[in-house]
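Peer 1: target17.cif is reproduced in full below (mmCIF, C-alpha atoms and all ligand atoms).
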```cif
data_start
loop_
_atom_site.label_atom_id
_atom_site.label_comp_id
_atom_site.auth_asym_id
_atom_site.auth_seq_id
_atom_site.Cartn_x
_atom_site.Cartn_y
_atom_site.Cartn_z
CA MET F 257 -79.48 -49.27 17.84
CA SER F 258 -82.16 -51.70 16.84
CA LYS F 259 -84.34 -53.00 14.09
CA MET F 260 -87.72 -51.24 14.06
CA ASP F 261 -89.71 -54.52 14.13
CA ALA F 262 -88.26 -55.18 17.60
CA VAL F 263 -89.80 -52.02 19.00
CA GLU F 264 -92.77 -52.50 21.34
CA PRO F 265 -95.35 -49.77 20.68
CA THR F 266 -96.23 -49.12 24.37
CA HIS F 267 -95.35 -45.63 25.61
CA LEU F 268 -93.57 -45.95 28.96
CA SER F 269 -92.82 -43.40 31.66
CA LEU F 270 -89.88 -43.03 34.07
CA ASN F 271 -91.78 -45.15 36.64
CA SER F 272 -92.48 -48.06 34.28
CA LYS F 273 -90.98 -51.34 35.51
CA PHE F 274 -89.16 -54.10 33.68
CA LYS F 275 -86.82 -57.03 34.33
CA PHE F 276 -83.46 -57.12 32.58
CA ARG F 277 -79.83 -57.99 33.14
CA CYS F 278 -76.89 -57.88 30.79
CA HIS F 279 -73.70 -59.60 31.95
CA LYS F 280 -70.65 -61.39 30.66
CA GLY F 281 -72.01 -64.86 31.44
CA ILE F 282 -75.17 -64.48 29.34
CA LYS F 283 -75.23 -66.57 26.16
CA CYS F 284 -76.01 -63.58 23.92
CA PHE F 285 -73.10 -61.50 25.30
CA THR F 286 -72.04 -58.87 22.68
CA ARG F 287 -74.53 -60.19 20.08
CA CYS F 288 -76.20 -56.77 20.10
CA CYS F 289 -72.93 -55.12 19.02
CA SER F 290 -73.01 -56.14 15.33
CA ASP F 291 -74.83 -54.90 12.26
CA ILE F 292 -76.58 -52.00 13.96
CA ASN F 293 -77.28 -48.36 13.24
CA ILE F 294 -75.89 -46.20 16.01
CA LEU F 295 -76.55 -42.53 15.37
CA LEU F 296 -73.82 -40.48 17.02
CA THR F 297 -74.43 -37.22 18.84
CA PRO F 298 -71.83 -34.44 19.15
CA TYR F 299 -71.16 -35.42 22.77
CA ASP F 300 -70.68 -39.09 21.78
CA VAL F 301 -68.00 -38.03 19.30
CA ILE F 302 -66.16 -35.87 21.85
CA ARG F 303 -66.11 -38.68 24.41
CA LEU F 304 -65.04 -41.35 21.91
CA LYS F 305 -62.33 -39.37 20.11
CA ASN F 306 -60.81 -38.32 23.45
CA ARG F 307 -60.99 -41.89 24.73
CA LEU F 308 -59.09 -43.03 21.64
CA GLY F 309 -56.68 -40.06 21.64
CA LEU F 310 -57.67 -39.03 18.11
CA SER F 311 -58.33 -35.69 16.44
CA SER F 312 -61.91 -35.02 15.31
CA ASP F 313 -60.88 -35.55 11.68
CA GLU F 314 -59.16 -38.86 12.41
CA PHE F 315 -62.09 -40.15 14.43
CA LEU F 316 -64.72 -39.13 11.86
CA LEU F 317 -62.73 -40.61 8.99
CA ARG F 318 -61.94 -43.89 10.68
CA TYR F 319 -65.08 -44.64 12.65
CA THR F 320 -68.09 -42.89 11.15
CA VAL F 321 -70.25 -42.68 8.07
CA MET F 322 -72.09 -39.52 7.18
CA ASP F 323 -75.65 -39.55 5.90
CA ILE F 324 -78.37 -37.06 5.09
CA ASP F 325 -81.85 -37.46 6.58
CA LYS F 326 -84.14 -37.45 3.55
CA GLN F 327 -87.04 -35.85 5.42
CA THR F 328 -85.15 -33.02 7.08
CA SER F 329 -82.07 -32.66 4.81
CA HIS F 330 -79.95 -32.60 7.99
CA PRO F 331 -76.61 -34.44 7.98
CA TYR F 332 -75.73 -36.92 10.73
CA ALA F 333 -72.95 -39.36 11.61
CA SER F 334 -73.31 -43.04 12.49
CA LEU F 335 -70.78 -45.49 13.84
CA LYS F 336 -69.14 -47.39 10.96
CA MET F 337 -69.41 -51.15 11.42
CA ASN F 338 -66.44 -53.34 10.45
CA ASP F 339 -66.22 -54.63 6.92
CA ASP F 340 -66.55 -58.29 7.99
CA PRO F 341 -69.40 -60.80 7.46
CA GLU F 342 -70.90 -60.04 10.88
CA LYS F 343 -70.48 -56.26 10.52
CA LYS F 344 -69.19 -56.00 14.07
CA CYS F 345 -68.86 -52.73 15.92
CA PRO F 346 -65.18 -51.69 15.78
CA PHE F 347 -65.09 -51.53 19.59
CA VAL F 348 -66.45 -54.96 20.46
CA THR F 349 -64.24 -57.86 21.57
CA PRO F 350 -65.16 -61.23 23.14
CA GLU F 351 -64.49 -59.50 26.48
CA GLY F 352 -67.09 -56.81 25.79
CA CYS F 353 -67.04 -53.15 24.80
CA THR F 354 -63.54 -51.66 24.82
CA VAL F 355 -64.88 -48.10 25.15
CA TYR F 356 -67.55 -48.99 27.71
CA THR F 357 -67.24 -45.92 29.97
CA ASP F 358 -67.37 -43.68 26.88
CA ARG F 359 -69.90 -45.67 24.85
CA PRO F 360 -72.48 -43.68 22.84
CA ALA F 361 -75.85 -42.60 24.26
CA ASN F 362 -77.71 -45.13 22.10
CA CYS F 363 -75.69 -48.00 23.57
CA ARG F 364 -76.47 -46.71 27.07
CA TYR F 365 -80.20 -46.65 26.44
CA TYR F 366 -80.40 -50.13 24.92
CA PRO F 367 -82.72 -52.08 25.35
CA ILE F 368 -84.84 -49.01 26.05
CA GLY F 369 -85.72 -46.61 23.25
CA GLN F 370 -86.63 -42.98 23.70
CA GLY F 371 -88.99 -40.82 21.65
CA THR F 372 -90.58 -37.39 21.75
CA LEU F 373 -94.21 -36.39 21.30
CA LYS F 374 -95.22 -32.90 20.19
CA LYS F 375 -97.94 -31.64 22.56
CA ALA F 376 -99.64 -28.39 23.50
CA ASP F 377 -100.47 -27.10 26.99
CA LYS F 378 -103.90 -25.66 27.97
CA ASP F 379 -102.90 -22.28 26.47
CA GLY F 380 -101.94 -23.92 23.19
CA LYS F 381 -98.19 -23.48 23.83
CA PRO F 382 -96.28 -26.35 22.18
CA PHE F 383 -93.93 -28.55 24.21
CA ASP F 384 -92.09 -31.85 23.74
CA GLU F 385 -93.02 -34.81 25.91
CA GLU F 386 -90.46 -37.59 26.21
CA PHE F 387 -91.53 -41.20 26.36
CA TYR F 388 -89.79 -44.57 26.37
CA PHE F 389 -90.37 -47.97 24.80
CA PHE F 390 -88.88 -51.47 24.99
CA VAL F 391 -86.68 -52.81 22.23
CA LYS F 392 -87.00 -56.59 22.31
CA GLU F 393 -84.84 -58.38 19.81
CA PRO F 394 -84.95 -62.20 19.55
CA HIS F 395 -81.18 -62.55 20.10
CA CYS F 396 -81.29 -60.67 23.43
CA TYR F 397 -81.82 -62.87 26.50
CA GLY F 398 -81.53 -59.99 28.99
CA TYR F 399 -85.32 -59.79 29.42
CA HIS F 400 -85.36 -63.38 30.80
CA GLU F 401 -83.26 -62.32 33.80
CA LYS F 402 -84.75 -61.38 37.17
CA LYS F 403 -83.17 -58.04 38.03
CA GLU F 404 -85.87 -55.35 38.36
CA TRP F 405 -85.60 -51.79 37.12
CA THR F 406 -87.67 -48.74 36.50
CA ILE F 407 -86.84 -46.68 33.42
CA ALA F 408 -85.49 -44.02 35.83
CA SER F 409 -83.17 -46.42 37.69
CA TRP F 410 -81.96 -47.89 34.37
CA ARG F 411 -81.13 -44.42 33.08
CA GLU F 412 -79.23 -43.63 36.25
CA ASP F 413 -77.29 -46.90 36.15
CA GLN F 414 -76.29 -46.33 32.52
CA GLY F 415 -75.25 -42.69 32.98
CA VAL F 416 -77.84 -41.46 30.50
CA ASP F 417 -78.71 -38.18 32.24
CA LEU F 418 -75.45 -36.42 31.40
CA TYR F 419 -75.66 -37.54 27.77
CA ASP F 420 -79.25 -36.34 27.47
CA LYS F 421 -78.35 -32.98 29.01
CA MET F 422 -75.50 -32.53 26.54
CA ASN F 423 -77.50 -33.68 23.53
CA ARG F 424 -80.97 -32.26 24.20
CA ASP F 425 -80.82 -29.04 22.13
CA TRP F 426 -78.88 -30.68 19.32
CA LYS F 427 -81.34 -33.58 19.13
CA ALA F 428 -84.28 -31.17 18.99
CA LEU F 429 -82.58 -29.44 16.04
CA GLN F 430 -81.67 -32.69 14.36
CA LEU F 431 -85.22 -34.05 14.60
CA ARG F 432 -86.91 -30.80 13.60
CA ARG F 433 -89.09 -31.29 10.54
CA ASN F 434 -89.03 -28.55 7.89
CA LEU F 435 -92.02 -26.24 7.99
CA LEU F 436 -94.29 -26.13 4.97
CA GLY F 437 -92.55 -24.23 2.19
CA GLN F 438 -89.22 -24.12 4.05
CA ALA F 439 -86.24 -24.78 1.79
CA GLU F 440 -84.00 -27.81 2.38
CA LEU F 441 -80.47 -27.19 3.61
CA ASP F 442 -78.15 -26.68 0.65
CA PRO F 443 -74.80 -28.56 0.56
CA LYS F 444 -72.92 -25.55 1.99
CA LYS F 445 -75.24 -25.35 5.00
CA GLN F 446 -75.13 -29.12 5.42
CA THR F 447 -71.32 -28.91 5.62
CA GLN F 448 -71.57 -26.16 8.27
CA PHE F 449 -74.18 -28.14 10.22
CA TYR F 450 -71.95 -31.22 10.17
CA MET F 451 -68.79 -29.37 11.15
CA ALA F 452 -70.45 -27.52 14.05
CA SER F 453 -71.98 -30.80 15.22
CA TYR F 454 -69.09 -33.20 15.03
CA ASN F 455 -65.76 -31.70 14.06
CA MET F 456 -64.72 -29.55 17.02
CA ASP F 457 -61.15 -29.12 15.71
CA ALA F 458 -62.41 -27.68 12.40
CA PHE F 459 -65.11 -25.61 14.16
CA ARG F 460 -62.53 -24.12 16.56
CA LYS F 461 -60.31 -23.20 13.58
CA PHE F 462 -63.28 -21.68 11.79
CA ILE F 463 -64.07 -19.46 14.77
CA PHE F 464 -60.56 -18.43 15.76
CA GLU F 465 -58.72 -18.43 12.43
CA SER F 466 -61.32 -16.84 10.15
CA ARG F 467 -63.05 -13.43 10.33
CA PHE F 468 -65.82 -14.94 12.46
CA LEU F 469 -65.00 -12.94 15.61
CA ASP F 470 -64.61 -9.75 13.53
CA VAL F 471 -68.10 -10.21 12.12
CA PHE F 472 -70.12 -11.55 15.06
CA ASP F 473 -70.62 -9.88 18.41
CA ILE F 474 -69.64 -12.61 20.89
CA ASP F 475 -69.05 -11.60 24.50
CA LYS F 476 -65.58 -12.10 26.00
CA GLU F 477 -66.70 -14.67 28.54
CA THR F 478 -68.15 -16.90 25.81
CA VAL F 479 -65.03 -16.50 23.66
CA GLU F 480 -62.85 -17.64 26.58
CA LYS F 481 -65.11 -20.59 27.31
CA ILE F 482 -65.26 -21.89 23.74
CA LYS F 483 -61.51 -21.40 23.31
CA ASN F 484 -60.66 -23.57 26.31
CA ASP F 485 -63.45 -26.09 26.64
CA GLU F 486 -64.62 -28.25 23.73
CA VAL F 487 -67.92 -29.13 25.41
CA GLU F 488 -68.68 -25.39 25.59
CA LEU F 489 -67.62 -25.18 21.93
CA MET F 490 -70.01 -28.02 21.12
CA LEU F 491 -72.87 -26.21 22.89
CA PHE F 492 -71.97 -23.03 21.01
CA GLY F 493 -72.17 -25.15 17.84
CA VAL F 494 -75.92 -25.52 18.41
CA ARG F 495 -76.22 -21.73 18.54
CA TYR F 496 -74.30 -21.50 15.28
CA ILE F 497 -76.43 -24.18 13.57
CA LYS F 498 -79.63 -22.35 14.58
CA TYR F 499 -78.21 -19.20 13.01
CA VAL F 500 -77.20 -21.06 9.83
CA MET F 501 -80.68 -22.57 9.60
CA MET F 502 -82.18 -19.11 10.20
CA LEU F 503 -84.30 -20.44 13.09
CA ASP F 504 -83.33 -17.88 15.71
CA GLN F 505 -81.20 -14.75 15.88
CA THR F 506 -78.74 -16.65 18.08
CA LEU F 507 -75.78 -14.61 16.79
CA GLN F 508 -75.60 -10.87 16.22
CA VAL F 509 -73.55 -9.28 13.45
CA LYS F 510 -71.48 -6.36 14.85
CA GLU F 511 -72.91 -2.86 14.35
CA GLU F 512 -69.83 -1.64 12.48
CA VAL F 513 -70.01 -4.59 10.08
CA LEU F 514 -73.67 -3.86 9.38
CA LYS F 515 -72.90 -0.17 8.77
CA SER F 516 -70.00 -0.91 6.43
CA ARG F 517 -72.25 -3.32 4.50
CA GLU F 518 -74.90 -0.58 4.17
CA LYS F 519 -72.35 1.79 2.64
CA LYS F 520 -71.42 -0.66 -0.12
S1 LIG F 601 -69.80 -48.96 21.25
FE1 LIG F 601 -69.58 -50.65 22.68
S2 LIG F 601 -71.66 -51.02 23.47
FE2 LIG F 601 -71.85 -49.77 21.59
S3 LIG F 601 -72.12 -51.27 19.94
FE3 LIG F 601 -69.94 -50.84 20.07
S4 LIG F 601 -69.11 -52.42 21.43
FE4 LIG F 601 -71.35 -52.40 21.71
S1 LIG F 602 -78.40 -59.32 27.12
FE1 LIG F 602 -79.06 -58.09 25.34
S2 LIG F 602 -77.93 -56.21 25.65
FE2 LIG F 602 -76.88 -57.76 26.90
S3 LIG F 602 -75.32 -58.65 25.58
FE3 LIG F 602 -77.14 -59.91 25.34
S4 LIG F 602 -78.09 -59.03 23.50
FE4 LIG F 602 -76.70 -57.47 24.26
#
```
Could you write out this structure as structure tokens?
Ligand code: SF4
Ligand code: SF4
Peer 2:
Amino acid sequence: MSKMDAVEPTHLSLNSKFKFRCHKGIKCFTRCCSDINILLTPYDVIRLKNRLGLSSDEFLLRYTVMDIDKQTSHPYASLKMNDDPEKKCPFVTPEGCTVYTDRPANCRYYPIGQGTLKKADKDGKPFDEEFYFFVKEPHCYGYHEKKEWTIASWREDQGVDLYDKMNRDWKALQLRRNLLGQAELDPKKQTQFYMASYNMDAFRKFIFESRFLDVFDIDKETVEKIKNDEVELMLFGVRYIKYVMMLDQTLQVKEEVLKSREKK
């Protein structure tokens, strides 16, 4: 949720220390909540729409803008800023954030940024290494305060761990660069990607009111879970997106469907 020129290039670890405090009495209070890009994750949308008592459609329409990442061709949602001169976040008031306990992951991290490095172990097996960096914007006076943190204690204080756990697989998919020669997602696949990421009401309908369960072999336990728990549905969405993107055989077409296709 920051301008890139405010990013400090140092790669930090969980033990890295810093001083920071954000509180209502600080002269920059809520200044960071205007004119910012806040990419939303699927878990952010679930928490916010439930907080506001809205359907997925209503929330997406009222509070988000959809964009396509030019490098990956993947669609993503961002929080829509107000149409006023300051471009304020729709949830900010002079008293602070009105959705504080359900605020998005990016707001929780701020003023820390998080990135991922592609690495390989001694056997050449690739893995992702997470690192952190400071975001220091001139309007933010929090770094002049005396309260000490490590990145780990900041994460804990801000409730970041749960959000990271919920978003990890989806973020890895979202950030995945296309391999050489790999086709971009076409508009139909982009629509499916977006729906399975953000619109749990439409995704639930798609699964339970189309021929989806006639075509795909999904075990009963999973069907029960995704029917009754939208976080489970969201996690299943990642499986579906991988299938749509043809990355993994995360879903199996039923034997009888395959046989009937062969006959045609
Ligand atoms: S959601 Fe809350 S913390 Fe995040 S920008 Fe809006 S008002 Fe600020
Ligand atoms: S200290 Fe920084 S994070 Fe806190 S309100 Fe001020 S600008 Fe925002």
Peer 1: Enumerate, as an MDAnalysis selection string, the protein, DNA and RNA residues whose atoms approach (-64.4, -31.8, 12.8) to within 12 Å, taking into account only C-alpha atoms and the coordinate frame of the file.
Peer 2: chainID F and resid 298 301:302 305 310:317 320 333 447:462 486 489:490 493
Peer 1: Could you list, as a PyMOL selection string, all the residues within 7 Å of ligand LIG 601 (chain F), counting only C-alpha atoms and all ligand atoms?
Peer 2: chain F and resi 286+288-290+345-348+352-356+359-360+363
Peer 1: Enumerate as a PDB file with C-alpha atoms, keeping the file's coordinate frame the residues within 7 Å of ligand LIG 602 (chain F), counting all atoms listed in the file.
Peer 2:
```pdb
ATOM      1  CA  ARG F 277     -79.830 -57.990  33.140  1.00  0.00           C
ATOM      2  CA  CYS F 278     -76.890 -57.880  30.790  1.00  0.00           C
ATOM      3  CA  HIS F 279     -73.700 -59.600  31.950  1.00  0.00           C
ATOM      4  CA  ILE F 282     -75.170 -64.480  29.340  1.00  0.00           C
ATOM      5  CA  LYS F 283     -75.230 -66.570  26.160  1.00  0.00           C
ATOM      6  CA  CYS F 284     -76.010 -63.580  23.920  1.00  0.00           C
ATOM      7  CA  PHE F 285     -73.100 -61.500  25.300  1.00  0.00           C
ATOM      8  CA  THR F 286     -72.040 -58.870  22.680  1.00  0.00           C
ATOM      9  CA  ARG F 287     -74.530 -60.190  20.080  1.00  0.00           C
ATOM     10  CA  CYS F 288     -76.200 -56.770  20.100  1.00  0.00           C
ATOM     11  CA  CYS F 289     -72.930 -55.120  19.020  1.00  0.00           C
ATOM     12  CA  TYR F 366     -80.400 -50.130  24.920  1.00  0.00           C
ATOM     13  CA  PRO F 367     -82.720 -52.080  25.350  1.00  0.00           C
ATOM     14  CA  HIS F 395     -81.180 -62.550  20.100  1.00  0.00           C
ATOM     15  CA  CYS F 396     -81.290 -60.670  23.430  1.00  0.00           C
ATOM     16  CA  TYR F 397     -81.820 -62.870  26.500  1.00  0.00           C
ATOM     17  CA  GLY F 398     -81.530 -59.990  28.990  1.00  0.00           C
TER      18      GLY F 398
END
```
Peer 1: In the coordinate frame of the file, compute which residues have an atom within 10 Å of (-77.4, -46.5, 24.8) when using all atoms listed in the file, and state them as a ChimeraX atom specification.
Peer 2: /F:257,294,359-370,411,414-416,419
Peer 1: Padding of 8 Å on every side, edges along x, y and z, all listed atoms of range 344-348 of chain F included: what centre and edge lengths in Å, to one decimal, does that box have, as AutoDock Vina command-line options?
Peer 2:
```
--center_x -67.1 --center_y -53.8 --center_z 17.3 --size_x 20.1 --size_y 20.5 --size_z 22.4
```
Peer 1: Calculated over all atoms listed in the file, which of the candidates F:Thr297, F:Asn484, F:Gln430, F:Ser272 has the smallest distance to Leu335 in chain F?
Peer 2: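 Of all the options, F:Thr297 lies closest to Leu335 in chain F.
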Peer 1: Let me make sure I understand: among F:Lys336, F:Glu342, F:Lys392, F:Thr357, which one has the smallest atom-to-atom distance to Asp413 in chain F if we use all atoms listed in the file?
Peer 2: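 For Asp413 in chain F, the nearest of the given residues is F:Thr357.
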Peer 1: Of the candidates F:Gln508, F:Tyr388, F:Lys498, F:Arg318, which one gets nearest to Trp410 in chain F if we count all atoms listed in the file?
Peer 2: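 Smallest separation from Trp410 in chain F among the options: F:Tyr388.
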Peer 1: As an exercise, work out the distance from CA of Lys381 in chain F to CA of Arg424 in chain F in Å and give it to one decimal place.
Peer 2: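 Answer for the CA of Lys381 in chain F to CA of Arg424 in chain F separation: 19.3 Å.
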Peer 1: Quick one: pull the distance between CA of Leu507 in chain F and CA of Gln327 in chain F, Å, one decimal.
Peer 2: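 Computed distance, CA of Leu507 in chain F to CA of Gln327 in chain F, equals 26.6 Å.
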Peer 1: Given all atoms listed in the file as the basis, pick out the residue of F:Val471, F:Val494, F:Met337, F:Leu441 nearest to Tyr299 in chain F.
Peer 2: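 Closest to Tyr299 in chain F of all the choices is F:Val494.
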Peer 1: With a distance cut-off of 9 Å and all atoms listed in the file, select the neighbouring residues of Asp323 in chain F, excluding the residue or stretch itself and same-chain residues fewer than 5 positions from it, and output the selection as a VMD selection string.
Peer 2: chain F and resid 330 to 334
Peer 1: Could you check how far CA of Ser329 in chain F sits from CA of Asp425 in chain F, in Å to one decimal?
Peer 2: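 Between CA of Ser329 in chain F and CA of Asp425 in chain F the gap is 17.7 Å.
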Peer 1: Which residue out of F:Ala428, F:Asp470, F:Asp291, F:Val487 has the minimum interatomic distance to Leu373 in chain F when all atoms listed in the file are used?
Peer 2: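 Between F:Ala428, F:Asp470, F:Asp291, F:Val487, the residue approaching Leu373 in chain F most closely is F:Ala428.
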Peer 1: Excluding Phe383 in chain F and residues on its chain fewer than 3 positions from it, collect all residues at most 12 Å away from it, counting all atoms listed in the file, and give them as a list in words.
Peer 2: Thr372, Leu373, Lys374, Lys375, Ala376, Asp377, Lys378, Asp379, Gly380, Glu386 and Ala428 of chain F
Peer 1: Could you write range 264-289 of chain F as an mmCIF file, keeping the file's coordinate frame, with N, CA and C atoms rebuilt where they are missing?
Peer 2:
```
data_model
loop_
_atom_site.group_PDB
_atom_site.id
_atom_site.type_symbol
_atom_site.label_atom_id
_atom_site.label_comp_id
_atom_site.auth_asym_id
_atom_site.auth_seq_id
_atom_site.Cartn_x
_atom_site.Cartn_y
_atom_site.Cartn_z
ATOM 1 N N GLU F 264 -91.414 -52.308 20.800
ATOM 2 C CA GLU F 264 -92.770 -52.500 21.340
ATOM 3 C C GLU F 264 -93.474 -51.159 21.373
ATOM 4 N N PRO F 265 -94.710 -51.073 20.865
ATOM 5 C CA PRO F 265 -95.350 -49.770 20.680
ATOM 6 C C PRO F 265 -95.764 -49.047 21.961
ATOM 7 N N THR F 266 -95.755 -49.748 23.125
ATOM 8 C CA THR F 266 -96.230 -49.120 24.370
ATOM 9 C C THR F 266 -95.402 -47.894 24.734
ATOM 10 N N HIS F 267 -96.073 -46.809 25.125
ATOM 11 C CA HIS F 267 -95.350 -45.630 25.610
ATOM 12 C C HIS F 267 -95.136 -45.759 27.110
ATOM 13 N N LEU F 268 -93.892 -45.745 27.544
ATOM 14 C CA LEU F 268 -93.570 -45.950 28.960
ATOM 15 C C LEU F 268 -93.139 -44.637 29.599
ATOM 16 N N SER F 269 -93.269 -44.597 30.934
ATOM 17 C CA SER F 269 -92.820 -43.400 31.660
ATOM 18 C C SER F 269 -91.610 -43.768 32.520
ATOM 19 N N LEU F 270 -91.064 -42.789 33.226
ATOM 20 C CA LEU F 270 -89.880 -43.030 34.070
ATOM 21 C C LEU F 270 -90.161 -44.063 35.156
ATOM 22 N N ASN F 271 -91.448 -44.195 35.570
ATOM 23 C CA ASN F 271 -91.780 -45.150 36.640
ATOM 24 C C ASN F 271 -92.089 -46.552 36.133
ATOM 25 N N SER F 272 -92.135 -46.737 34.832
ATOM 26 C CA SER F 272 -92.480 -48.060 34.280
ATOM 27 C C SER F 272 -91.422 -49.087 34.689
ATOM 28 N N LYS F 273 -91.895 -50.299 35.011
ATOM 29 C CA LYS F 273 -90.980 -51.340 35.510
ATOM 30 C C LYS F 273 -90.669 -52.374 34.433
ATOM 31 N N PHE F 274 -89.501 -52.985 34.557
ATOM 32 C CA PHE F 274 -89.160 -54.100 33.680
ATOM 33 C C PHE F 274 -88.063 -54.939 34.339
ATOM 34 N N LYS F 275 -87.895 -56.168 33.821
ATOM 35 C CA LYS F 275 -86.820 -57.030 34.330
ATOM 36 C C LYS F 275 -85.784 -57.196 33.228
ATOM 37 N N PHE F 276 -84.516 -57.029 33.595
ATOM 38 C CA PHE F 276 -83.460 -57.120 32.580
ATOM 39 C C PHE F 276 -82.107 -57.241 33.270
ATOM 40 N N ARG F 277 -81.222 -58.003 32.666
ATOM 41 C CA ARG F 277 -79.830 -57.990 33.140
ATOM 42 C C ARG F 277 -78.924 -58.375 31.984
ATOM 43 N N CYS F 278 -77.872 -57.608 31.840
ATOM 44 C CA CYS F 278 -76.890 -57.880 30.790
ATOM 45 C C CYS F 278 -75.567 -58.144 31.513
ATOM 46 N N HIS F 279 -74.953 -59.284 31.250
ATOM 47 C CA HIS F 279 -73.700 -59.600 31.950
ATOM 48 C C HIS F 279 -72.853 -60.525 31.086
ATOM 49 N N LYS F 280 -71.605 -60.646 31.480
ATOM 50 C CA LYS F 280 -70.650 -61.390 30.660
ATOM 51 C C LYS F 280 -71.005 -62.872 30.506
ATOM 52 N N GLY F 281 -71.693 -63.433 31.498
ATOM 53 C CA GLY F 281 -72.010 -64.860 31.440
ATOM 54 C C GLY F 281 -73.212 -65.193 30.576
ATOM 55 N N ILE F 282 -73.930 -64.204 30.083
ATOM 56 C CA ILE F 282 -75.170 -64.480 29.340
ATOM 57 C C ILE F 282 -74.825 -64.976 27.931
ATOM 58 N N LYS F 283 -75.651 -65.915 27.408
ATOM 59 C CA LYS F 283 -75.230 -66.570 26.160
ATOM 60 C C LYS F 283 -75.246 -65.638 24.942
ATOM 61 N N CYS F 284 -75.955 -64.511 25.060
ATOM 62 C CA CYS F 284 -76.010 -63.580 23.920
ATOM 63 C C CYS F 284 -74.959 -62.459 24.058
ATOM 64 N N PHE F 285 -74.024 -62.599 25.001
ATOM 65 C CA PHE F 285 -73.100 -61.500 25.300
ATOM 66 C C PHE F 285 -72.437 -60.954 24.025
ATOM 67 N N THR F 286 -72.579 -59.672 23.808
ATOM 68 C CA THR F 286 -72.040 -58.870 22.680
ATOM 69 C C THR F 286 -72.774 -59.106 21.334
ATOM 70 N N ARG F 287 -73.826 -59.956 21.345
ATOM 71 C CA ARG F 287 -74.530 -60.190 20.080
ATOM 72 C C ARG F 287 -75.224 -58.920 19.570
ATOM 73 N N CYS F 288 -75.522 -58.013 20.494
ATOM 74 C CA CYS F 288 -76.200 -56.770 20.100
ATOM 75 C C CYS F 288 -75.223 -55.751 19.512
ATOM 76 N N CYS F 289 -73.944 -56.093 19.457
ATOM 77 C CA CYS F 289 -72.930 -55.120 19.020
ATOM 78 C C CYS F 289 -72.463 -55.368 17.590
#
```
